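Asker: One structure coming up, written as structure tokens, with questions to follow.
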Amino acid sequence: MTDTATVAPRARRRSTSMLRRRPFFTLGLAVALAFALAAIFAPYVAPYDPTFQDIEFMMTGPGAQHWLGTDSYGQDILSRIIFGARYALAIGLCSVAIGALGGLVIGLAAGLSDGLVEWLLMRLIDSILAMPSLIMAVAFIAILGQGVDKVIIAVGIAMIGPFARTVRADVMQVRVQLFVEAAGLMGVARLRIIWRHILPNVVYPLAVQVTIRISEAILVSSSLSFLGIGVTPPTPDWGLMIAEGRGFVSFAAWMSGMPGAALAILLIALSLVGDGIREEFDPKLRDGA
Amino acid sequence: MLLMALKKVLQTVFVLFIVSVASFSLLKLAPGDPVEIMLGSEYSAEAHAALVRQLGLDQPLVTQYLDWLGNFVTGDWGTSYIARADIFTYAFVEALPVTLTLAAFSLGLAVVLGVPLGVLSAVKKDTAWDAGAAVFALTGTAFPSFFLGILLIWVFGVKFGLFPVMGFVPPWEDFWGGLYHMILPALTLSTYFIAMIVRLTRATLVEVLAQPYIAAARARGEPGWRVVWVHGLRNIAMPLVTIIGLQLGTLLQGAVLTETVFSLPGAGQMITSAVLGREYGVVQAGVVMTATLFVLVNLAVDLAYPFLDPRLRPR
Amino acid sequence: MDKIDHKKVLATRIAAGLGRRAVLKGMGAGLLTTAASGLAPRLASAQSGGHITIAALNHIDTLDPHFTGFLAAIQVINNIHNGLLKIVYDGKAVTFEPDLAESWELLDDVTHVFKLREGVTFHDGTPCDAEAVKFSLLRVKEGEPASPHAWKLSLLETIEIQDPLTIKLTFSKPYAFLPVALNGSTGRAGTIVSPAAVQKYGADYGRNPVGTGPFRFVSWRENDAIELEKNPDYFEEGLPRLDRATWKLMKEPSSAVAALMAGQVDGMTDCPMQLVSQVDAFPGATLYGEIEGNYTFVGMNTRKAPFDDINLRRAVAWALDRETLLKQAYFGRAIQAFTPISPPMTGFYDPEIASSGRGQWFDLDKAKEFRAKAANQGEIEAVYMMSERGPVGTRVAQTVAPMLAQIGIKAKLELIEPATWVQRRNAGDFDLFDFEWVADLDPDETLFPEFKSGGAWNFPGWSSPEFDELCTQAQVVLDVPKRAELYHKAEDILMDEAPIAMMAHMPVYKVLSTKVQGFQYIPADLLNLHTVSIG
């Protein structure tokens, strides 16, 4: 790779939209949007009621009537996948929102405080990080009970640790920068400094993290289903469908294979989107690329 | 230096204390009674009361915690409630080495597969190779590990009969046997890391290859492979080590599922079954053990930085 | 005492109706035919040695027979220990035979005399004599800490050692449950443990079990394996054939099936319903399993609204489409249960029950009729708690929910983890749940403790003095048809008042590789390996 080769596309890049410059990002975005649309319009798109049990068609393979086959209750897998997109996106987005918000608060507090308070907050973050998040989720589920909302809370709480750590690291970086110190010296109110100067610099890297963590949240929730303590059946949740179908892998692989593929496609799409955003906007990567 | 070390130790102890209090209270907050679980469905109320008394579960929670703490720090980890397993043997002697072995093999596999793929991606940036490597890495992360494990078992274990599908052989007794039994579980657990290492390697290398000194090296006529592997990879060690430290929690979490699917008697399986069975002592031991591991590894990562990056060496 | 005399005496006593009540029909015949020849088919050419590995899928709590609450533990315990009696199965009927006892006599209907085998020693070398038997029985009955099975021997009044190998037990009532209580398997109360080992290990006996059985305990690694090795001094000559037996503890059933197909394990202690057809289709393994002494049901909480309403309960009982349930929840492997008494209870179970008009079955019109009589005519919301437990997990709940919707009951399915489920079940914190009572051999144990007014296992909280009275009467009736009549009356009350809606009698499976020979199937969830060899 020569120098001219890298310069030329960069010059072109500036003038075209991100969608055209980053085909993978565009593809990922399109797929993710398709899932989102399917989720929103599920009742109109899905060919069947996702929890209708058709005893005549138990464990039928993919075919004309049931495009992606049926599960062991005779429920249409395609319809369940379409409705399942709702739960996947809800779990992914909501639990990450909880984690990010909690992480932001604790991380900001830890980054901005001094002395004993900082020390205690840091140890709190360390402690949350040191407890395996799946184990924590299991414990929270045991306390809260089960269901989609409980899964969201359990997964979200378990995510506070990693977010808090990132936020704190960013706060520490921003805090020592000249403009912040200058503002402090000029007597600008503390809250205003946080609001005007620190938060914007912290929220942005957080947003990049969010795209990556959504996948993780969906995966953790499906792991809970594997352990038998996640989303309540017969909710058309992908993780639950994969977990329920695993006993039939050797002769009815579509039962967990189809939702598994849906999950994989969505996660790949999301991480393509995440990568695209990161590469486009992360100053460090942008200069390098 | 001594003061630093002392401070670190104090921090670690404090973190472990919080972790143990947290896991104890979480579990006690959860409904469920270990005695009801251990008695099955056919028992009398007297038997239940007697067992509760005998196990000290009728004591106030603070007393229970302090009793546990007192015993734990003096090396008496107790026994599990009904199976009467010695918790120290169970957790530390039997389960921990299994999980450590699994983690080590998985990390090894991830590095062995992830770094070359990442290099390929970076060198052949924006080509089909790059896309292929990205898709390969991403696909691995997009499956829940229990599902991936079951797929691997059916394809490579049953259909082709290539690898064992269960069991643990200690590699310190039989290295090749241990490796053989670890291939499928390690592959299952490492996919997440492979993807991460591919991305990391690619990003770092892309950045490095754009640096002036690389151009200089090329200009000097150094061969392409040497530029990449010597100059480029020198920069990967540090982020790699950092990631490993940071993601150890994820690894242990993945171990729970992988161990269950492959019937490995490790710490992950131990803690989950103990949480579900309300075996408070076992959970405590397991959580403190993994938390210690996490803290120690991160400490080691901190200590390793100066060796990996000369700029960080104390002057 | 001469063996033949003993048989004569016992046979006469059974025939004369003087002896204990036959728990199952055919017991006398079993005693006569097999006691003389010994148990094992002696295959001169059968090869010795070998190591069997079996995937153990269910929870094993302790190897202490007097403290365990789990059948999966009994499977292992039974290979390490013997009881005074044992269960034998000839393909048609289950019978009880002396095991450690050489003979078993009844002096009258409350006095049992056991003469023990000579020269039997525990794995630690101490003799298994009358003192040891007394020790074990007392450990169950009044030991400290209290055994959860103490109630099984509550009618035992005196234990008298007549000579070192003869022991006389006197009960306060003619005791129908005795053979089960004494038996080393489902009863758990009559298994004989080494007194020396109990003294040595105390509460840790369950980790260091010492019995007289065909295998000695070697090690138990949590979540990994339980290892047993051959007991060379076992009292049944030529047995066991295997050198070692490993119970590989596996949590994930689909992995166990894969391991079986890959040849890494030689068997499975259980086979979940959804995997049965896969295993059945696999040529390398044999599936053992028959309908056992069990029944599954949807239970309703009769202590509070809405199911304190008898008509609503009846509506539920008639609204469940059993055919669909059998197909969807049990993969067509179970049979419909009309009442709790199950097929292995010969003499009590009516093979023609489907056409007898007794019990509960699916009749939507009838269900709607009862629903119309119910106090609450609006849509009723009921909490149905379920858990990933039992033979079919949440499948029953998922299949039942749409059926309840047809009679205007909205089942709110709540998935909770097993520990919480157990607690809520015991505390009566539910409207609906499904459950199964398993491994019962006698109508008394299948009905009375489960539905006795105020009983600890009576989770629906149902109470009927009439039912209690009939069951209590039946306990002291000796004649099988008369006893059966009493239980049938009791069942009719239970079915009519419908604290439960009956579903199925299930098969309980064992899987062994075709390499394994000599396994004797017993429909009491046992996996005895003493006659097994591996090729």
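Just remember, in the structure tokens the first chain shown is A, the second B, etc., residues are 1-based per chain, and ligands are 1-based in the order shown.
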Any idea which chain A residues end up within 6 Å of chain B if we count only C-alpha atoms, as a list in words please?

Answerer: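 Taken together, these residues fit the definition: Arg123, Ser127, Ala130, Pro132, Leu134, Ala142, Ile143, Leu219, Ala264, Leu267, Ile268 and Gly288 of chain A.
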
Asker: Residues of chain C were defined as contacting chain A if any atom lay at most 7 Å from it, counting only C-alpha atoms; please report them as a ChimeraX atom specification.

Answerer: /C:254,274-275,328,388,398,414-417

Asker: Keeping only all heavy atoms, write the selected residues as an mmCIF file, in the first residue's frame.

Answerer:
data_model
loop_
_atom_site.group_PDB
_atom_site.id
_atom_site.type_symbol
_atom_site.label_atom_id
_atom_site.label_comp_id
_atom_site.auth_asym_id
_atom_site.auth_seq_id
_atom_site.Cartn_x
_atom_site.Cartn_y
_atom_site.Cartn_z
ATOM 1 N N SER C 254 -29.067 -32.917 26.094
ATOM 2 C CA SER C 254 -28.728 -33.111 24.680
ATOM 3 C C SER C 254 -27.244 -33.443 24.524
ATOM 4 O O SER C 254 -26.870 -34.176 23.615
ATOM 5 C CB SER C 254 -29.128 -31.898 23.838
ATOM 6 O OG SER C 254 -28.629 -30.716 24.382
ATOM 7 N N GLN C 274 -38.318 -35.286 25.252
ATOM 8 C CA GLN C 274 -38.108 -34.728 23.921
ATOM 9 C C GLN C 274 -36.944 -35.401 23.199
ATOM 10 O O GLN C 274 -36.778 -35.233 22.016
ATOM 11 C CB GLN C 274 -37.915 -33.205 23.962
ATOM 12 C CG GLN C 274 -36.551 -32.750 24.370
ATOM 13 C CD GLN C 274 -36.545 -32.248 25.800
ATOM 14 O OE1 GLN C 274 -37.364 -32.690 26.605
ATOM 15 N NE2 GLN C 274 -35.656 -31.334 26.131
ATOM 16 N N LEU C 275 -36.121 -36.173 23.946
ATOM 17 C CA LEU C 275 -34.987 -36.826 23.313
ATOM 18 C C LEU C 275 -35.262 -38.295 23.025
ATOM 19 O O LEU C 275 -34.456 -38.970 22.387
ATOM 20 C CB LEU C 275 -33.754 -36.702 24.207
ATOM 21 C CG LEU C 275 -33.293 -35.267 24.484
ATOM 22 C CD1 LEU C 275 -32.198 -35.253 25.518
ATOM 23 C CD2 LEU C 275 -32.813 -34.625 23.208
ATOM 24 N N GLN C 328 -48.294 -33.324 22.764
ATOM 25 C CA GLN C 328 -47.420 -32.157 22.762
ATOM 26 C C GLN C 328 -46.514 -32.067 23.969
ATOM 27 O O GLN C 328 -45.372 -31.657 23.861
ATOM 28 C CB GLN C 328 -48.274 -30.887 22.666
ATOM 29 C CG GLN C 328 -48.517 -30.519 21.228
ATOM 30 C CD GLN C 328 -49.149 -29.160 21.092
ATOM 31 O OE1 GLN C 328 -49.905 -28.735 21.949
ATOM 32 N NE2 GLN C 328 -48.846 -28.484 20.020
ATOM 33 N N GLU C 388 -38.351 -24.793 34.850
ATOM 34 C CA GLU C 388 -37.632 -25.775 34.033
ATOM 35 C C GLU C 388 -37.229 -26.929 34.932
ATOM 36 O O GLU C 388 -36.096 -27.042 35.377
ATOM 37 C CB GLU C 388 -36.405 -25.149 33.368
ATOM 38 C CG GLU C 388 -36.722 -24.354 32.118
ATOM 39 C CD GLU C 388 -37.414 -25.152 31.025
ATOM 40 O OE1 GLU C 388 -37.311 -26.385 31.002
ATOM 41 O OE2 GLU C 388 -38.084 -24.513 30.189
ATOM 42 N N GLN C 398 -47.362 -24.731 28.890
ATOM 43 C CA GLN C 398 -47.543 -24.082 27.596
ATOM 44 C C GLN C 398 -48.663 -24.710 26.797
ATOM 45 O O GLN C 398 -49.340 -24.046 26.017
ATOM 46 C CB GLN C 398 -46.249 -24.158 26.780
ATOM 47 C CG GLN C 398 -45.128 -23.344 27.370
ATOM 48 C CD GLN C 398 -44.005 -23.178 26.360
ATOM 49 O OE1 GLN C 398 -44.218 -22.686 25.273
ATOM 50 N NE2 GLN C 398 -42.805 -23.584 26.717
ATOM 51 N N GLU C 414 -46.120 -17.936 34.722
ATOM 52 C CA GLU C 414 -44.971 -17.327 35.393
ATOM 53 C C GLU C 414 -43.845 -18.341 35.439
ATOM 54 O O GLU C 414 -43.971 -19.396 36.045
ATOM 55 C CB GLU C 414 -45.340 -16.924 36.828
ATOM 56 C CG GLU C 414 -45.883 -15.524 36.921
ATOM 57 C CD GLU C 414 -46.161 -15.116 38.352
ATOM 58 O OE1 GLU C 414 -45.587 -15.716 39.280
ATOM 59 O OE2 GLU C 414 -46.976 -14.198 38.531
ATOM 60 N N LEU C 415 -42.745 -17.985 34.784
ATOM 61 C CA LEU C 415 -41.586 -18.875 34.827
ATOM 62 C C LEU C 415 -40.732 -18.474 36.022
ATOM 63 O O LEU C 415 -40.316 -17.330 36.135
ATOM 64 C CB LEU C 415 -40.773 -18.740 33.535
ATOM 65 C CG LEU C 415 -39.490 -19.554 33.469
ATOM 66 C CD1 LEU C 415 -39.782 -21.031 33.347
ATOM 67 C CD2 LEU C 415 -38.617 -19.110 32.305
ATOM 68 N N ILE C 416 -40.505 -19.386 36.935
ATOM 69 C CA ILE C 416 -39.638 -19.058 38.070
ATOM 70 C C ILE C 416 -38.574 -20.133 38.184
ATOM 71 O O ILE C 416 -38.752 -21.243 37.694
ATOM 72 C CB ILE C 416 -40.441 -18.917 39.382
ATOM 73 C CG1 ILE C 416 -41.398 -20.084 39.544
ATOM 74 C CG2 ILE C 416 -41.200 -17.615 39.407
ATOM 75 C CD1 ILE C 416 -42.265 -19.962 40.773
ATOM 76 N N GLU C 417 -37.475 -19.783 38.816
ATOM 77 C CA GLU C 417 -36.417 -20.799 38.883
ATOM 78 C C GLU C 417 -36.781 -21.827 39.944
ATOM 79 O O GLU C 417 -37.564 -21.574 40.843
ATOM 80 C CB GLU C 417 -35.051 -20.158 39.082
ATOM 81 C CG GLU C 417 -34.984 -19.016 40.026
ATOM 82 C CD GLU C 417 -34.171 -19.358 41.236
ATOM 83 O OE1 GLU C 417 -33.196 -20.082 41.092
ATOM 84 O OE2 GLU C 417 -34.552 -18.906 42.321
#

Asker: Can you tell me, as an MDAnalysis selection string, which residues in stretch 183-251 of chain C count as strand (DSSP E) by DSSP?

Answerer: chainID C and resid 191:192 215:221 225:230 244:249

Asker: Output N, CA and C atoms for every residue in the selection just made, as a compact mmCIF listing (two decimals), in the first residue's frame.

Answerer:
# COMPACT_ATOMS: atom_id res chain seq x y z
N THR C 191 -32.58 -49.59 54.10
CA THR C 191 -31.25 -49.85 53.57
C THR C 191 -30.27 -49.95 54.74
N ILE C 192 -29.40 -50.92 54.67
CA ILE C 192 -28.52 -51.18 55.82
C ILE C 192 -27.15 -50.57 55.57
N PHE C 215 -20.89 -52.96 44.64
CA PHE C 215 -19.82 -52.01 44.32
C PHE C 215 -19.43 -51.20 45.55
N ARG C 216 -18.14 -50.88 45.59
CA ARG C 216 -17.62 -50.03 46.66
C ARG C 216 -17.51 -48.61 46.16
N PHE C 217 -17.74 -47.69 47.07
CA PHE C 217 -17.60 -46.29 46.72
C PHE C 217 -16.12 -45.93 46.62
N VAL C 218 -15.74 -45.21 45.57
CA VAL C 218 -14.35 -44.77 45.42
C VAL C 218 -14.23 -43.26 45.59
N SER C 219 -14.94 -42.51 44.77
CA SER C 219 -14.79 -41.06 44.87
C SER C 219 -16.02 -40.36 44.30
N TRP C 220 -16.17 -39.13 44.69
CA TRP C 220 -17.26 -38.30 44.19
C TRP C 220 -16.71 -36.91 44.00
N ARG C 221 -16.57 -36.52 42.75
CA ARG C 221 -16.15 -35.15 42.43
C ARG C 221 -17.37 -34.39 41.95
N ALA C 225 -17.97 -36.66 38.49
CA ALA C 225 -18.29 -38.08 38.42
C ALA C 225 -18.31 -38.72 39.80
N ILE C 226 -19.08 -39.79 39.90
CA ILE C 226 -19.03 -40.67 41.06
C ILE C 226 -18.44 -41.98 40.57
N GLU C 227 -17.38 -42.44 41.25
CA GLU C 227 -16.70 -43.65 40.81
C GLU C 227 -16.99 -44.78 41.79
N LEU C 228 -17.32 -45.95 41.24
CA LEU C 228 -17.52 -47.13 42.06
C LEU C 228 -16.59 -48.22 41.54
N GLU C 229 -16.17 -49.11 42.44
CA GLU C 229 -15.38 -50.25 41.97
C GLU C 229 -15.99 -51.53 42.52
N LYS C 230 -15.62 -52.62 41.90
CA LYS C 230 -16.15 -53.93 42.24
C LYS C 230 -15.90 -54.28 43.70
N ARG C 244 -15.40 -51.63 37.24
CA ARG C 244 -15.62 -50.25 37.64
C ARG C 244 -16.92 -49.73 37.05
N ALA C 245 -17.48 -48.77 37.74
CA ALA C 245 -18.65 -48.08 37.21
C ALA C 245 -18.50 -46.60 37.50
N THR C 246 -18.68 -45.79 36.47
CA THR C 246 -18.58 -44.34 36.63
C THR C 246 -19.93 -43.71 36.33
N TRP C 247 -20.39 -42.89 37.25
CA TRP C 247 -21.60 -42.10 36.99
C TRP C 247 -21.13 -40.72 36.63
N LYS C 248 -21.18 -40.43 35.34
CA LYS C 248 -20.70 -39.13 34.86
C LYS C 248 -21.83 -38.13 35.03
N LEU C 249 -21.60 -37.13 35.87
CA LEU C 249 -22.67 -36.19 36.18
C LEU C 249 -22.78 -35.15 35.08

Asker: With a cut-off of 8 Å and counting only C-alpha atoms, select all residues of chain B in contact with chain C and give the selection as an MDAnalysis selection string.

Answerer: chainID B and resid 31:34 36:45 47:48 50:51 54 82:85 90 94 150 153:154 157:158 161 164:167 260:266 269:270 276:278

Asker: Tell me which protein, DNA and RNA residues are within 12 Å of C:Glu485, counting only C-alpha atoms, leaving out same-chain ones fewer than 3 positions away, and put them as a ChimeraX atom specification.

Answerer: /C:347-350,443,470-471,473-474,477-482,488-492

Asker: I'd like the contact shell of C:Met503 - 6 Å cut-off, only C-alpha atoms, skipping same-chain residues fewer than 2 positions apart - returned as a ChimeraX atom specification.

Answerer: /C:296-297,337

Asker: Using N, CA and C atoms, can you export the residues from the last selection as a compact mmCIF listing (two decimals), in the first residue's frame?

Answerer:
# COMPACT_ATOMS: atom_id res chain seq x y z
N THR C 296 -49.23 -37.56 36.63
CA THR C 296 -48.97 -36.13 36.53
C THR C 296 -50.31 -35.41 36.52
N PHE C 297 -50.28 -34.19 37.00
CA PHE C 297 -51.55 -33.47 37.11
C PHE C 297 -51.31 -31.98 37.10
N ALA C 337 -54.00 -40.65 32.12
CA ALA C 337 -54.34 -41.04 33.49
C ALA C 337 -55.75 -40.57 33.77

Asker: Can you list, as a tab-separated table (two decimals) with N, CA, C and O atoms, in the first residue's frame, every residue of stretch 201-249 of chain B that DSSP puts in alpha helix (DSSP H)?

Answerer:
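Saved result, states-v9.tsv, follows:
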chain	number	residue	atom	x	y	z
B	201	THR	N	-6.45	-6.29	16.41
B	201	THR	CA	-5.23	-6.38	15.61
B	201	THR	C	-5.36	-5.54	14.36
B	201	THR	O	-4.45	-4.79	13.99
B	202	ARG	N	-6.52	-5.66	13.74
B	202	ARG	CA	-6.72	-4.93	12.51
B	202	ARG	C	-6.63	-3.43	12.77
B	202	ARG	O	-5.87	-2.71	12.10
B	203	ALA	N	-7.36	-2.96	13.76
B	203	ALA	CA	-7.39	-1.52	14.03
B	203	ALA	C	-5.99	-1.00	14.37
B	203	ALA	O	-5.53	0.01	13.84
B	204	THR	N	-5.30	-1.74	15.26
B	204	THR	CA	-3.97	-1.31	15.67
B	204	THR	C	-3.01	-1.29	14.48
B	204	THR	O	-2.26	-0.34	14.29
B	205	LEU	N	-3.09	-2.35	13.71
B	205	LEU	CA	-2.14	-2.49	12.61
B	205	LEU	C	-2.39	-1.45	11.52
B	205	LEU	O	-1.46	-0.87	10.97
B	206	VAL	N	-3.68	-1.21	11.26
B	206	VAL	CA	-4.01	-0.20	10.26
B	206	VAL	C	-3.42	1.14	10.68
B	206	VAL	O	-2.82	1.86	9.88
B	207	GLU	N	-3.56	1.42	11.95
B	207	GLU	CA	-3.04	2.68	12.48
B	207	GLU	C	-1.51	2.71	12.36
B	207	GLU	O	-0.92	3.69	11.89
B	208	VAL	N	-0.90	1.60	12.77
B	208	VAL	CA	0.56	1.55	12.77
B	208	VAL	C	1.13	1.66	11.35
B	208	VAL	O	2.09	2.37	11.10
B	209	LEU	N	0.45	0.94	10.44
B	209	LEU	CA	1.00	0.90	9.08
B	209	LEU	C	0.98	2.27	8.41
B	209	LEU	O	1.67	2.50	7.43
B	212	PRO	N	4.73	7.17	9.87
B	212	PRO	CA	5.89	7.50	9.03
B	212	PRO	C	7.01	6.48	9.12
B	212	PRO	O	7.64	6.15	8.11
B	213	TYR	N	7.23	5.93	10.34
B	213	TYR	CA	8.41	5.03	10.44
B	213	TYR	C	8.21	3.74	9.68
B	213	TYR	O	9.15	3.08	9.28
B	214	ILE	N	6.94	3.37	9.47
B	214	ILE	CA	6.70	2.18	8.65
B	214	ILE	C	7.04	2.49	7.20
B	214	ILE	O	7.70	1.72	6.50
B	215	ALA	N	6.59	3.65	6.77
B	215	ALA	CA	6.91	4.08	5.41
B	215	ALA	C	8.42	4.14	5.24
B	215	ALA	O	8.96	3.70	4.22
B	216	ALA	N	9.08	4.60	6.32
B	216	ALA	CA	10.54	4.68	6.28
B	216	ALA	C	11.14	3.30	6.13
B	216	ALA	O	12.05	3.05	5.33
B	217	ALA	N	10.59	2.37	6.91
B	217	ALA	CA	11.11	1.00	6.86
B	217	ALA	C	10.92	0.42	5.47
B	217	ALA	O	11.81	-0.23	4.93
B	218	ARG	N	9.75	0.68	4.92
B	218	ARG	CA	9.49	0.20	3.57
B	218	ARG	C	10.48	0.84	2.59
B	218	ARG	O	11.00	0.18	1.71
B	219	ALA	N	10.70	2.11	2.80
B	219	ALA	CA	11.60	2.82	1.91
B	219	ALA	C	13.01	2.25	2.00
B	219	ALA	O	13.73	2.19	1.03
B	224	GLY	N	8.09	-6.83	3.08
B	224	GLY	CA	6.75	-6.53	3.61
B	224	GLY	C	6.40	-7.31	4.86
B	224	GLY	O	5.87	-6.77	5.82
B	225	TRP	N	6.70	-8.62	4.87
B	225	TRP	CA	6.32	-9.44	6.03
B	225	TRP	C	7.01	-8.96	7.29
B	225	TRP	O	6.46	-8.93	8.37
B	226	ARG	N	8.28	-8.49	7.09
B	226	ARG	CA	9.05	-8.07	8.25
B	226	ARG	C	8.48	-6.77	8.82
B	226	ARG	O	8.37	-6.61	10.04
B	233	LEU	N	3.45	-5.76	14.80
B	233	LEU	CA	2.94	-6.55	15.90
B	233	LEU	C	3.49	-6.13	17.25
B	233	LEU	O	2.89	-6.39	18.28
B	234	ARG	N	4.65	-5.48	17.22
B	234	ARG	CA	5.21	-5.01	18.48
B	234	ARG	C	4.20	-4.14	19.22
B	234	ARG	O	4.12	-4.12	20.43
B	237	ALA	N	0.87	-6.06	21.33
B	237	ALA	CA	0.96	-6.75	22.63
B	237	ALA	C	0.20	-6.00	23.72
B	237	ALA	O	-0.55	-6.61	24.47
B	238	MET	N	0.38	-4.70	23.77
B	238	MET	CA	-0.20	-4.00	24.90
B	238	MET	C	-1.72	-3.95	24.90
B	238	MET	O	-2.35	-4.35	25.87
B	239	PRO	N	-2.32	-3.48	23.79
B	239	PRO	CA	-3.80	-3.53	23.80
B	239	PRO	C	-4.32	-4.94	24.01
B	239	PRO	O	-5.35	-5.14	24.65
B	240	LEU	N	-3.61	-5.92	23.50
B	240	LEU	CA	-4.04	-7.32	23.64
B	240	LEU	C	-4.10	-7.70	25.11
B	240	LEU	O	-5.09	-8.26	25.59
B	241	VAL	N	-3.03	-7.39	25.82
B	241	VAL	CA	-2.97	-7.72	27.24
B	241	VAL	C	-4.06	-6.97	28.00
B	241	VAL	O	-4.73	-7.53	28.88
B	242	THR	N	-4.27	-5.73	27.64
B	242	THR	CA	-5.31	-4.95	28.32
B	242	THR	C	-6.68	-5.60	28.13
B	242	THR	O	-7.44	-5.77	29.07
B	243	ILE	N	-6.94	-5.95	26.88
B	243	ILE	CA	-8.25	-6.56	26.58
B	243	ILE	C	-8.44	-7.83	27.38
B	243	ILE	O	-9.50	-8.08	27.95
B	244	ILE	N	-7.40	-8.64	27.44
B	244	ILE	CA	-7.52	-9.91	28.17
B	244	ILE	C	-7.88	-9.63	29.62
B	244	ILE	O	-8.76	-10.27	30.20
B	245	GLY	N	-7.22	-8.65	30.21
B	245	GLY	CA	-7.52	-8.31	31.60
B	245	GLY	C	-8.95	-7.83	31.76
B	245	GLY	O	-9.68	-8.28	32.64
B	246	LEU	N	-9.35	-6.96	30.85
B	246	LEU	CA	-10.70	-6.38	30.94
B	246	LEU	C	-11.79	-7.41	30.72
B	246	LEU	O	-12.84	-7.34	31.33
B	248	LEU	N	-11.80	-10.63	31.20
B	248	LEU	CA	-11.75	-11.88	31.95
B	248	LEU	C	-13.13	-12.24	32.50
B	248	LEU	O	-13.51	-13.40	32.55
B	249	GLY	N	-13.87	-11.21	32.91
B	249	GLY	CA	-15.22	-11.45	33.43
B	249	GLY	C	-16.09	-12.13	32.39
B	249	GLY	O	-16.79	-13.09	32.67

Asker: Using only C-alpha atoms, can you tell me which of C:Leu116, C:Leu512, C:Ser136, C:Phe451 comes closest to C:Gln162?

Answerer: C:Leu116

Asker: Using only C-alpha atoms, find the one residue out of C:Thr212, C:Glu469, C:Val511, C:Val316 that sits nearest to C:Pro232.

Answerer: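 Ranking C:Thr212, C:Glu469, C:Val511, C:Val316 by distance to C:Pro232, first place goes to C:Thr212.
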
Asker: Quick one: residues within 9 Å of stretch 65-67 of chain A, only C-alpha atoms counted, chain neighbours fewer than 2 positions away excluded, as a PDB file with N, CA and C atoms, in the first residue's frame?

Answerer:
ATOM      1  N   PRO A  47     -47.097 -14.220   9.198  1.00  0.00           N
ATOM      2  CA  PRO A  47     -48.186 -14.992   8.597  1.00  0.00           C
ATOM      3  C   PRO A  47     -49.098 -15.660   9.640  1.00  0.00           C
ATOM      4  N   THR A  60     -42.667 -29.577  11.859  1.00  0.00           N
ATOM      5  CA  THR A  60     -42.593 -29.701  10.407  1.00  0.00           C
ATOM      6  C   THR A  60     -41.389 -28.900   9.925  1.00  0.00           C
ATOM      7  N   GLY A  61     -40.703 -29.446   8.941  1.00  0.00           N
ATOM      8  CA  GLY A  61     -39.546 -28.751   8.388  1.00  0.00           C
ATOM      9  C   GLY A  61     -39.980 -27.557   7.559  1.00  0.00           C
ATOM     10  N   PRO A  62     -39.033 -26.730   7.159  1.00  0.00           N
ATOM     11  CA  PRO A  62     -39.368 -25.576   6.326  1.00  0.00           C
ATOM     12  C   PRO A  62     -40.072 -26.033   5.045  1.00  0.00           C
ATOM     13  N   GLY A  63     -41.110 -25.329   4.658  1.00  0.00           N
ATOM     14  CA  GLY A  63     -41.864 -25.724   3.475  1.00  0.00           C
ATOM     15  C   GLY A  63     -42.781 -24.602   3.040  1.00  0.00           C
ATOM     16  N   GLY A  69     -40.536 -23.570   8.906  1.00  0.00           N
ATOM     17  CA  GLY A  69     -40.863 -24.734   9.717  1.00  0.00           C
ATOM     18  C   GLY A  69     -41.638 -24.364  10.974  1.00  0.00           C
ATOM     19  N   THR A  70     -41.946 -25.402  11.771  1.00  0.00           N
ATOM     20  CA  THR A  70     -42.644 -25.169  13.036  1.00  0.00           C
ATOM     21  C   THR A  70     -41.816 -25.779  14.164  1.00  0.00           C
ATOM     22  N   ASP A  76     -45.524 -21.474  14.376  1.00  0.00           N
ATOM     23  CA  ASP A  76     -44.815 -21.098  13.158  1.00  0.00           C
ATOM     24  C   ASP A  76     -43.545 -20.326  13.503  1.00  0.00           C
ATOM     25  N   ILE A  77     -42.410 -20.837  13.040  1.00  0.00           N
ATOM     26  CA  ILE A  77     -41.134 -20.256  13.456  1.00  0.00           C
ATOM     27  C   ILE A  77     -40.917 -18.875  12.845  1.00  0.00           C
ATOM     28  N   LEU A  78     -41.324 -18.699  11.568  1.00  0.00           N
ATOM     29  CA  LEU A  78     -41.144 -17.390  10.933  1.00  0.00           C
ATOM     30  C   LEU A  78     -41.882 -16.314  11.729  1.00  0.00           C
TER      31      LEU A  78
END

Asker: Can you pull out the residues contacting C:Ile161? Cut-off 8 Å, using only C-alpha atoms, and skip same-chain residues under 6 positions away; I want them as a PyMOL selection string.

Answerer: chain C and resi 130-131+134+167-168
